[in-house]
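J.: Below you'll find final_16.txt; it's compact mmCIF, C-alpha atoms.
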```txt
# COMPACT_ATOMS: atom_id res chain seq x y z
CA MET A 1 116.17 54.55 -69.03
CA LYS A 2 112.91 56.50 -69.17
CA THR A 3 109.62 55.40 -67.63
CA TYR A 4 106.23 56.72 -68.69
CA ARG A 5 103.50 56.63 -66.02
CA VAL A 6 99.79 56.31 -66.82
CA ASP A 7 96.97 56.21 -64.24
CA LEU A 8 93.81 54.35 -65.27
CA HIS A 9 91.83 55.06 -62.13
CA GLY A 10 88.27 56.08 -62.95
CA LEU A 11 88.39 54.69 -66.50
CA THR A 12 86.33 51.83 -67.91
CA VAL A 13 88.01 48.92 -69.68
CA ILE A 14 87.17 50.41 -73.09
CA GLU A 15 88.48 53.83 -72.06
CA SER A 16 91.63 52.22 -70.67
CA LYS A 17 92.26 50.40 -73.95
CA ILE A 18 91.87 53.63 -75.94
CA GLU A 19 94.18 55.50 -73.56
CA LEU A 20 96.87 52.81 -73.62
CA ASN A 21 96.69 52.50 -77.41
CA HIS A 22 97.08 56.24 -77.80
CA ILE A 23 100.12 56.34 -75.50
CA LEU A 24 101.90 53.34 -77.00
CA ASP A 25 101.16 54.39 -80.58
CA SER A 26 102.82 57.78 -80.09
CA LEU A 27 105.39 57.19 -77.35
CA SER A 28 109.00 58.07 -78.15
CA TRP A 29 111.55 55.27 -78.54
CA ASP A 30 113.47 56.86 -75.68
CA TYR A 31 111.08 55.21 -73.20
CA THR A 32 111.98 51.71 -72.04
CA ASP A 33 108.86 50.93 -70.01
CA VAL A 34 105.39 52.14 -69.09
CA LEU A 35 104.17 51.98 -65.48
CA VAL A 36 100.42 51.35 -65.53
CA VAL A 37 98.55 52.23 -62.35
CA HIS A 38 95.27 50.29 -62.42
CA GLY A 39 94.42 49.56 -58.80
CA TYR A 40 93.39 46.17 -57.49
CA HIS A 41 90.21 46.51 -55.42
CA SER A 42 87.78 45.47 -58.18
CA HIS A 43 90.35 43.38 -60.14
CA ILE A 44 88.60 44.34 -63.40
CA LEU A 45 91.26 46.73 -64.67
CA MET A 46 94.08 44.63 -63.24
CA ASP A 47 92.81 41.53 -65.08
CA PHE A 48 92.42 43.54 -68.28
CA VAL A 49 95.94 45.02 -68.14
CA ARG A 50 97.64 41.78 -67.12
CA ASN A 51 95.66 39.19 -69.09
CA GLU A 52 93.83 40.80 -71.98
CA TYR A 53 95.55 43.93 -73.24
CA LYS A 54 97.96 43.47 -76.14
CA HIS A 55 100.10 45.94 -78.08
CA LYS A 56 102.87 45.46 -80.63
CA ARG A 57 105.37 47.54 -78.63
CA ILE A 58 105.10 45.48 -75.44
CA LYS A 59 107.88 42.93 -74.97
CA ARG A 60 106.82 41.57 -71.60
CA LEU A 61 104.97 42.43 -68.38
CA VAL A 62 106.48 42.89 -64.93
CA TYR A 63 104.28 42.75 -61.84
CA SER A 64 105.44 45.08 -59.07
CA LEU A 65 105.20 44.41 -55.36
CA ASN A 66 102.25 46.77 -55.36
CA PRO A 67 99.35 44.75 -56.84
CA GLY A 68 97.85 47.95 -58.22
CA ASP A 69 100.73 48.51 -60.66
CA THR A 70 101.96 46.69 -63.75
CA SER A 71 104.96 47.60 -65.90
CA PHE A 72 105.05 47.17 -69.67
CA ILE A 73 108.65 46.54 -70.76
CA LEU A 74 108.89 47.96 -74.27
CA LYS A 75 110.75 46.72 -77.30
CA THR A 76 113.64 48.76 -78.58
CA LYS A 77 113.25 50.31 -81.98
CA LYS A 78 115.47 47.60 -83.49
CA GLU A 79 113.53 44.78 -81.81
CA PHE A 80 110.26 46.28 -83.02
CA GLU A 81 111.37 46.64 -86.64
CA ASN A 82 112.93 43.18 -86.83
CA ASN A 83 109.99 41.31 -85.33
CA GLU A 84 108.01 39.75 -88.19
CA GLU A 85 104.94 39.27 -86.01
CA TYR A 86 104.53 42.98 -85.40
CA LYS A 87 105.22 44.59 -88.73
CA GLU A 88 102.94 47.50 -89.49
CA GLU A 89 101.80 46.19 -92.85
CA LYS A 90 101.93 42.75 -94.42
CA SER A 91 99.47 42.60 -97.30
CA ARG A 92 98.37 46.15 -98.13
CA LYS A 93 98.19 46.87 -101.85
CA TYR A 94 100.39 49.65 -103.14
CA ILE A 95 99.15 52.01 -105.85
CA PHE A 96 102.72 52.87 -106.82
CA GLU A 97 106.24 52.44 -105.44
CA SER A 98 109.60 54.14 -105.19
CA GLU A 99 112.96 52.44 -104.71
CA ARG A 100 112.44 51.74 -101.00
CA MET A 101 108.78 52.52 -100.33
CA GLY A 102 105.28 51.47 -101.21
CA PHE A 103 102.52 54.10 -101.43
CA ALA A 104 99.08 53.02 -100.21
CA ARG A 105 95.68 54.66 -99.77
CA TRP A 106 94.37 55.55 -96.34
CA GLN A 107 91.54 53.36 -95.10
CA LYS A 108 88.84 53.99 -92.49
CA THR A 109 90.60 51.49 -90.23
CA ASP A 110 93.90 53.46 -90.24
CA LEU A 111 93.11 55.66 -87.23
CA ALA A 112 95.99 54.17 -85.20
CA LEU A 113 98.48 55.08 -87.92
CA ALA A 114 96.96 58.56 -88.21
CA ARG A 115 97.37 59.09 -84.47
CA LYS A 116 100.90 57.78 -84.51
CA LEU A 117 101.78 60.36 -87.14
CA TRP A 118 99.81 63.52 -86.39
CA MET A 119 99.83 63.26 -82.60
CA ASN A 120 103.62 63.12 -82.59
CA ARG A 121 104.76 66.53 -81.30
CA GLU A 122 108.22 66.27 -82.80
CA MET A 123 106.82 65.51 -86.25
CA CYS A 124 104.34 68.41 -85.94
CA GLU A 125 107.01 70.91 -84.83
CA TYR A 126 107.07 72.83 -88.11
CA LEU A 127 103.38 72.59 -88.99
CA ASP A 128 101.16 75.64 -88.70
CA ILE A 129 99.56 74.39 -85.47
CA GLU A 130 100.34 74.50 -81.78
CA GLY A 131 101.80 71.28 -80.38
CA ALA A 132 100.23 68.32 -82.15
CA TYR A 133 96.80 67.37 -83.47
CA SER A 134 94.10 66.43 -80.96
CA ARG A 135 92.26 63.12 -81.26
CA GLN A 136 89.28 64.87 -82.83
CA GLU A 137 91.53 66.67 -85.31
CA VAL A 138 93.22 63.40 -86.28
CA GLN A 139 89.82 61.82 -86.99
CA ALA A 140 88.87 64.84 -89.10
CA ARG A 141 92.21 64.64 -90.93
CA LEU A 142 91.64 60.97 -91.75
CA ARG A 143 88.14 61.76 -93.10
CA GLU A 144 89.67 64.51 -95.21
CA GLU A 145 92.17 62.09 -96.73
CA LEU A 146 89.36 59.70 -97.68
CA THR A 147 87.30 62.55 -99.14
CA ASN A 148 90.20 63.89 -101.22
CA GLU A 149 90.71 60.45 -102.70
CA GLU A 150 87.07 60.34 -103.81
CA LYS A 151 87.07 63.90 -105.18
CA TYR A 152 90.51 64.27 -106.70
CA HIS A 153 91.99 60.74 -106.81
CA ALA A 154 94.76 62.07 -104.61
CA GLN A 155 95.65 62.17 -100.92
CA HIS A 156 98.70 62.10 -98.68
CA TRP A 157 99.41 58.45 -99.36
CA LEU A 158 100.72 56.14 -96.64
CA LEU A 159 104.40 55.22 -96.89
CA PHE A 160 105.69 51.76 -95.99
CA ASP A 161 109.23 50.49 -96.19
CA ASN A 162 109.24 47.92 -98.99
CA THR A 163 111.52 45.46 -97.24
CA LYS A 164 110.45 45.43 -93.60
CA LYS A 165 106.93 46.83 -94.20
CA PHE A 166 107.03 49.26 -91.30
CA PHE A 167 105.10 52.54 -91.42
CA VAL A 168 107.27 55.52 -92.40
CA GLY A 169 104.80 58.40 -92.79
CA CYS A 170 102.81 59.85 -95.67
CA CYS A 171 103.30 62.03 -98.73
CA GLY A 172 100.99 63.35 -101.39
CA PHE A 173 98.52 66.04 -102.32
CA GLY A 174 95.82 67.92 -100.48
CA ASP A 175 93.09 70.13 -101.94
CA ASN A 176 93.87 70.83 -105.60
CA ARG A 177 92.20 74.25 -105.48
CA GLY A 178 88.81 73.42 -106.89
CA ASN A 179 89.85 70.65 -109.26
CA THR A 180 92.06 72.98 -111.31
CA ARG A 181 95.08 70.64 -111.30
CA TYR A 182 97.13 72.95 -109.07
CA TYR A 183 98.27 70.62 -106.29
CA ASP A 184 99.66 71.29 -102.82
CA LEU A 185 102.27 68.71 -101.82
CA GLU A 186 103.04 67.71 -98.23
CA VAL A 187 105.32 65.07 -96.73
CA TYR A 188 105.25 63.78 -93.14
CA ILE A 189 107.97 61.40 -91.95
CA LEU A 190 108.03 59.93 -88.45
CA PRO A 191 111.00 61.33 -86.49
CA GLU A 192 112.62 57.92 -86.00
CA TYR A 193 113.11 57.76 -89.79
CA TRP A 194 114.50 61.25 -90.32
CA ASN A 195 117.86 61.69 -92.04
CA ARG A 196 117.46 58.49 -94.06
CA GLY A 197 116.34 60.09 -97.31
CA TYR A 198 112.74 58.86 -97.09
CA GLY A 199 111.28 62.36 -97.42
CA LYS A 200 113.25 63.29 -100.53
CA GLU A 201 112.54 59.93 -102.15
CA ALA A 202 108.81 60.20 -101.41
CA VAL A 203 108.59 63.75 -102.78
CA LYS A 204 110.36 62.78 -106.01
CA ARG A 205 107.95 59.91 -106.64
CA VAL A 206 104.89 62.01 -105.82
CA ILE A 207 106.03 64.82 -108.14
CA ASP A 208 106.39 62.31 -110.98
CA TYR A 209 102.99 60.82 -110.20
CA GLY A 210 101.39 64.27 -110.10
CA PHE A 211 102.67 65.40 -113.48
CA GLU A 212 102.43 62.04 -115.26
CA GLN A 213 99.23 60.53 -113.85
CA LEU A 214 97.20 63.48 -112.52
CA ASP A 215 98.23 65.91 -115.29
CA ALA A 216 99.14 68.53 -112.69
CA ARG A 217 99.78 72.05 -113.99
CA SER A 218 101.86 72.99 -110.99
CA ILE A 219 102.81 71.66 -107.56
CA THR A 220 103.41 73.87 -104.55
CA ILE A 221 104.92 73.19 -101.13
CA THR A 222 104.55 75.40 -98.05
CA TYR A 223 106.98 75.07 -95.16
CA HIS A 224 108.40 76.73 -92.06
CA PRO A 225 111.61 78.69 -92.86
CA GLU A 226 113.53 76.75 -90.19
CA ASN A 227 112.54 73.41 -91.68
CA THR A 228 115.93 72.75 -93.26
CA ALA A 229 114.90 69.32 -94.55
CA MET A 230 112.10 70.82 -96.67
CA GLU A 231 114.40 73.66 -97.74
CA LYS A 232 116.86 71.11 -99.13
CA ILE A 233 114.07 69.19 -100.87
CA ALA A 234 112.75 72.39 -102.46
CA GLU A 235 116.23 73.22 -103.74
CA ALA A 236 116.89 69.67 -104.97
CA PHE A 237 113.79 69.65 -107.17
CA GLU A 238 114.16 73.29 -108.25
CA PHE A 239 111.02 74.67 -106.65
CA LYS A 240 110.81 78.45 -107.09
CA LEU A 241 109.90 80.76 -104.21
CA MET A 242 106.55 82.30 -105.14
CA ASP A 243 105.35 83.99 -101.97
CA GLU A 244 105.52 84.09 -98.17
CA VAL A 245 102.47 84.06 -95.91
CA TYR A 246 102.53 85.11 -92.28
CA SER A 247 101.57 82.47 -89.71
CA PRO A 248 100.13 84.01 -86.52
CA VAL A 249 100.49 80.59 -84.84
CA LYS A 250 104.21 80.19 -85.45
CA LYS A 251 104.85 83.94 -85.83
CA VAL A 252 106.92 83.43 -88.99
CA PHE A 253 106.54 83.81 -92.73
CA MET A 254 105.86 80.37 -94.20
CA LYS A 255 107.56 79.87 -97.57
CA ILE A 256 105.43 78.96 -100.59
CA CYS A 257 107.41 77.39 -103.44
CA GLU A 258 106.13 76.16 -106.80
CA LEU A 259 107.21 73.67 -109.46
CA SER A 260 105.51 73.96 -112.85
CA LYS A 261 105.48 71.82 -115.95
```
Show me the file's structure as structure tokens.
T.:
Amino acid sequence: MKTYRVDLHGLTVIESKIELNHILDSLSWDYTDVLVVHGYHSHILMDFVRNEYKHKRIKRLVYSLNPGDTSFILKTKKEFENNEEYKEEKSRKYIFESERMGFARWQKTDLALARKLWMNREMCEYLDIEGAYSRQEVQARLREELTNEEKYHAQHWLLFDNTKKFFVGCCGFGDNRGNTRYYDLEVYILPEYWNRGYGKEAVKRVIDYGFEQLDARSITITYHPENTAMEKIAEAFEFKLMDEVYSPVKKVFMKICELSK
């Protein structure tokens, strides 16, 4: 059992809500509960935490003997995925589908999903950044996705499991190098769904969409040499190694592979 501790002292109700949302959106499934330290002198934060705050990962509340603390008992991963009331997506329209997943466009209201993905340190391990994205960087990333859709009719589309509708990650294209139909493909899968074939399935569908619907001339992928999952995907779809570029952040040569028509 792992407990995560968060101290809300000095925060307003709005700031407390943002902080709790950020923690619960990105917290590993290894944690069974969150100890919230809110104090009790003014009762404002205590009333908010105990009576108003809601989140899809909270199963129940436990009041400690100390009136300034409240524990959130969290759902297990299985409980979360099987609970109809808290599915990530119920009615979002898909622009295309694969065997197990629906692909949807990012929306301005998807900041929570963006944070869940790009603020996850384990997911960001092989990206050319240190640690994970900051809140400001996640907001910028979401704006970039919306802009790419307007400019190029492409983005890193959201992935949802077709059956249970939970959020899996995203896969798609970034900047297509000045509208020249040379696309850079990226796939991001949340760690709890690794080793289930979601990444490979998403990449296959996006490759088909790129060549068939966007008339792509070529598709490239860039990845860390120790990212064995991407290495296997590159080999499976016969991407050819074109170049290697040195990353001063990761201190490695990132592989650049290309698939042409």
J.: Considering all atoms listed in the file, state which residue in the set A:Phe237, A:Phe72, A:Tyr188, A:Tyr246 is at the smallest distance from Asn120 in chain A.
T.: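 When distances to Asn120 in chain A are compared using all atoms listed in the file, the smallest one comes from A:Tyr188.
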J.: At a cut-off of 12 Å, can you tabulate as a Markdown table every residue of range 174-213 of chain A near range 22-42 of chain A together with its closest atom pair and the distance in Å to one decimal, using only C-alpha atoms and ordering rows by chain then number?
T.:
```
| residue | atom | partner | partner_atom | distance |
| --- | --- | --- | --- | --- |
| A:Leu190 | CA | A:Ser26 | CA | 10.1 |
| A:Pro191 | CA | A:Ser28 | CA | 9.2 |
| A:Glu192 | CA | A:Trp29 | CA | 8.0 |
| A:Tyr193 | CA | A:Trp29 | CA | 11.6 |
```
J.: Could you check which of A:Val49, A:Ile58, A:Ile189, A:Leu11 is closest to Glu125 in chain A, using all atoms listed in the file?
T.: A:Ile189
J.: What does the distance between CA of His224 in chain A and CA of Asp128 in chain A come to in Å, to one decimal place?
T.: 8.1 Å
J.: Can you pull out the residues contacting Gly210 in chain A? Cut-off 12 Å, using all atoms listed in the file, and skip same-chain residues under 6 positions away; I want them as a VMD selection string.
T.: chain A and resid 96 152 to 156 171 to 174 176 181 to 185 203 to 204 216 to 220 259 to 261
J.: Any chance you could export the current selection's C-alpha atoms as an mmCIF file, in the coordinates of the input?
T.:
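Output file selection36.cif is given in full below:
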```cif
data_model
loop_
_atom_site.group_PDB
_atom_site.id
_atom_site.type_symbol
_atom_site.label_atom_id
_atom_site.label_comp_id
_atom_site.auth_asym_id
_atom_site.auth_seq_id
_atom_site.Cartn_x
_atom_site.Cartn_y
_atom_site.Cartn_z
ATOM 1 C CA PHE A 96 102.720 52.870 -106.820
ATOM 2 C CA TYR A 152 90.510 64.270 -106.700
ATOM 3 C CA HIS A 153 91.990 60.740 -106.810
ATOM 4 C CA ALA A 154 94.760 62.070 -104.610
ATOM 5 C CA GLN A 155 95.650 62.170 -100.920
ATOM 6 C CA HIS A 156 98.700 62.100 -98.680
ATOM 7 C CA CYS A 171 103.300 62.030 -98.730
ATOM 8 C CA GLY A 172 100.990 63.350 -101.390
ATOM 9 C CA PHE A 173 98.520 66.040 -102.320
ATOM 10 C CA GLY A 174 95.820 67.920 -100.480
ATOM 11 C CA ASN A 176 93.870 70.830 -105.600
ATOM 12 C CA ARG A 181 95.080 70.640 -111.300
ATOM 13 C CA TYR A 182 97.130 72.950 -109.070
ATOM 14 C CA TYR A 183 98.270 70.620 -106.290
ATOM 15 C CA ASP A 184 99.660 71.290 -102.820
ATOM 16 C CA LEU A 185 102.270 68.710 -101.820
ATOM 17 C CA VAL A 203 108.590 63.750 -102.780
ATOM 18 C CA LYS A 204 110.360 62.780 -106.010
ATOM 19 C CA ALA A 216 99.140 68.530 -112.690
ATOM 20 C CA ARG A 217 99.780 72.050 -113.990
ATOM 21 C CA SER A 218 101.860 72.990 -110.990
ATOM 22 C CA ILE A 219 102.810 71.660 -107.560
ATOM 23 C CA THR A 220 103.410 73.870 -104.550
ATOM 24 C CA LEU A 259 107.210 73.670 -109.460
ATOM 25 C CA SER A 260 105.510 73.960 -112.850
ATOM 26 C CA LYS A 261 105.480 71.820 -115.950
#
```
J.: Can you work out the spacing between CA of Leu127 in chain A and CA of Cys170 in chain A in Å, to one decimal?
T.: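 Result for CA of Leu127 in chain A versus CA of Cys170 in chain A: 14.4 Å, one decimal.
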J.: As an exercise, work out the distance from CA of Arg205 in chain A to CA of Ile95 in chain A in Å and give it to one decimal place.
T.: 11.9 Å
J.: I need the residue nearest Ile129 in chain A from this list: A:Val249, A:Leu113, A:Val6, A:Ile221. Use all atoms listed in the file for the distance.
T.: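 Using all atoms listed in the file, Ile129 in chain A sits closest to A:Val249.
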J.: For Met242 in chain A, which of A:Glu130, A:Asp215, A:Glu226, A:Glu258 is the closest residue, counting all atoms listed in the file?
T.: A:Glu258
J.: Calculated over all atoms listed in the file, which of the candidates A:Arg105, A:Lys78, A:Arg100, A:Lys151 has the smallest distance to Gly197 in chain A?
T.: A:Arg100
J.: Can you work out which one of A:Glu97, A:Asp208, A:Asp7, A:Asp243 has the shortest atom-to-atom distance to Lys255 in chain A, counting only C-alpha atoms?
T.: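 The shortest atom-to-atom distance to Lys255 in chain A comes from A:Asp243.
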J.: Could you list, as a PyMOL selection string, every residue within 12 Å of Lys108 in chain A, counting only C-alpha atoms and ignoring same-chain residues fewer than 3 positions away?
T.: chain A and resi 105+111-114+139-147
J.: May I ask you to restore N, CA and C atoms in range 145-170 of chain A and write the result as an mmCIF file, in the frame of the given file?
T.:
```
data_model
loop_
_atom_site.group_PDB
_atom_site.id
_atom_site.type_symbol
_atom_site.label_atom_id
_atom_site.label_comp_id
_atom_site.auth_asym_id
_atom_site.auth_seq_id
_atom_site.Cartn_x
_atom_site.Cartn_y
_atom_site.Cartn_z
ATOM 1 N N GLU A 145 91.380 62.886 -95.794
ATOM 2 C CA GLU A 145 92.170 62.090 -96.730
ATOM 3 C C GLU A 145 91.268 61.196 -97.585
ATOM 4 N N LEU A 146 90.280 60.574 -96.959
ATOM 5 C CA LEU A 146 89.360 59.700 -97.680
ATOM 6 C C LEU A 146 88.518 60.494 -98.669
ATOM 7 N N THR A 147 88.098 61.691 -98.268
ATOM 8 C CA THR A 147 87.300 62.550 -99.140
ATOM 9 C C THR A 147 88.104 63.028 -100.345
ATOM 10 N N ASN A 148 89.350 63.424 -100.122
ATOM 11 C CA ASN A 148 90.200 63.890 -101.220
ATOM 12 C C ASN A 148 90.426 62.796 -102.254
ATOM 13 N N GLU A 149 90.538 61.560 -101.774
ATOM 14 C CA GLU A 149 90.710 60.450 -102.700
ATOM 15 C C GLU A 149 89.485 60.306 -103.603
ATOM 16 N N GLU A 150 88.301 60.448 -103.021
ATOM 17 C CA GLU A 150 87.070 60.340 -103.810
ATOM 18 C C GLU A 150 86.929 61.504 -104.795
ATOM 19 N N LYS A 151 87.263 62.706 -104.351
ATOM 20 C CA LYS A 151 87.070 63.900 -105.180
ATOM 21 C C LYS A 151 88.150 64.065 -106.242
ATOM 22 N N TYR A 152 89.406 63.899 -105.831
ATOM 23 C CA TYR A 152 90.510 64.270 -106.700
ATOM 24 C C TYR A 152 91.429 63.097 -107.080
ATOM 25 N N HIS A 153 91.125 61.907 -106.581
ATOM 26 C CA HIS A 153 91.990 60.740 -106.810
ATOM 27 C C HIS A 153 93.400 60.993 -106.293
ATOM 28 N N ALA A 154 93.470 61.757 -105.218
ATOM 29 C CA ALA A 154 94.760 62.070 -104.610
ATOM 30 C C ALA A 154 94.581 62.243 -103.109
ATOM 31 N N GLN A 155 95.632 61.984 -102.373
ATOM 32 C CA GLN A 155 95.650 62.170 -100.920
ATOM 33 C C GLN A 155 97.099 62.143 -100.484
ATOM 34 N N HIS A 156 97.340 62.259 -99.194
ATOM 35 C CA HIS A 156 98.700 62.100 -98.680
ATOM 36 C C HIS A 156 98.886 60.606 -98.404
ATOM 37 N N TRP A 157 99.360 59.900 -99.412
ATOM 38 C CA TRP A 157 99.410 58.450 -99.360
ATOM 39 C C TRP A 157 100.321 57.932 -98.254
ATOM 40 N N LEU A 158 99.914 56.804 -97.669
ATOM 41 C CA LEU A 158 100.720 56.140 -96.640
ATOM 42 C C LEU A 158 102.023 55.641 -97.239
ATOM 43 N N LEU A 159 103.086 55.708 -96.462
ATOM 44 C CA LEU A 159 104.400 55.220 -96.890
ATOM 45 C C LEU A 159 104.814 54.039 -96.034
ATOM 46 N N PHE A 160 105.191 52.938 -96.688
ATOM 47 C CA PHE A 160 105.690 51.760 -95.990
ATOM 48 C C PHE A 160 107.028 51.352 -96.576
ATOM 49 N N ASP A 161 107.957 51.012 -95.714
ATOM 50 C CA ASP A 161 109.230 50.490 -96.190
ATOM 51 C C ASP A 161 108.979 49.180 -96.934
ATOM 52 N N ASN A 162 109.501 49.086 -98.147
ATOM 53 C CA ASN A 162 109.240 47.920 -98.990
ATOM 54 C C ASN A 162 109.762 46.617 -98.418
ATOM 55 N N THR A 163 110.880 46.677 -97.719
ATOM 56 C CA THR A 163 111.520 45.460 -97.240
ATOM 57 C C THR A 163 110.934 44.971 -95.922
ATOM 58 N N LYS A 164 110.914 45.841 -94.926
ATOM 59 C CA LYS A 164 110.450 45.430 -93.600
ATOM 60 C C LYS A 164 108.990 45.769 -93.338
ATOM 61 N N LYS A 165 108.371 46.522 -94.247
ATOM 62 C CA LYS A 165 106.930 46.830 -94.200
ATOM 63 C C LYS A 165 106.520 47.737 -93.045
ATOM 64 N N PHE A 166 107.449 48.402 -92.390
ATOM 65 C CA PHE A 166 107.030 49.260 -91.300
ATOM 66 C C PHE A 166 106.554 50.617 -91.837
ATOM 67 N N PHE A 167 105.715 51.274 -91.063
ATOM 68 C CA PHE A 167 105.100 52.540 -91.420
ATOM 69 C C PHE A 167 106.119 53.668 -91.299
ATOM 70 N N VAL A 168 106.279 54.452 -92.361
ATOM 71 C CA VAL A 168 107.270 55.520 -92.400
ATOM 72 C C VAL A 168 106.625 56.893 -92.225
ATOM 73 N N GLY A 169 105.462 57.097 -92.815
ATOM 74 C CA GLY A 169 104.800 58.400 -92.790
ATOM 75 C C GLY A 169 103.819 58.498 -93.931
ATOM 76 N N CYS A 170 103.680 59.701 -94.506
ATOM 77 C CA CYS A 170 102.810 59.850 -95.670
ATOM 78 C C CYS A 170 103.297 61.015 -96.521
#
```
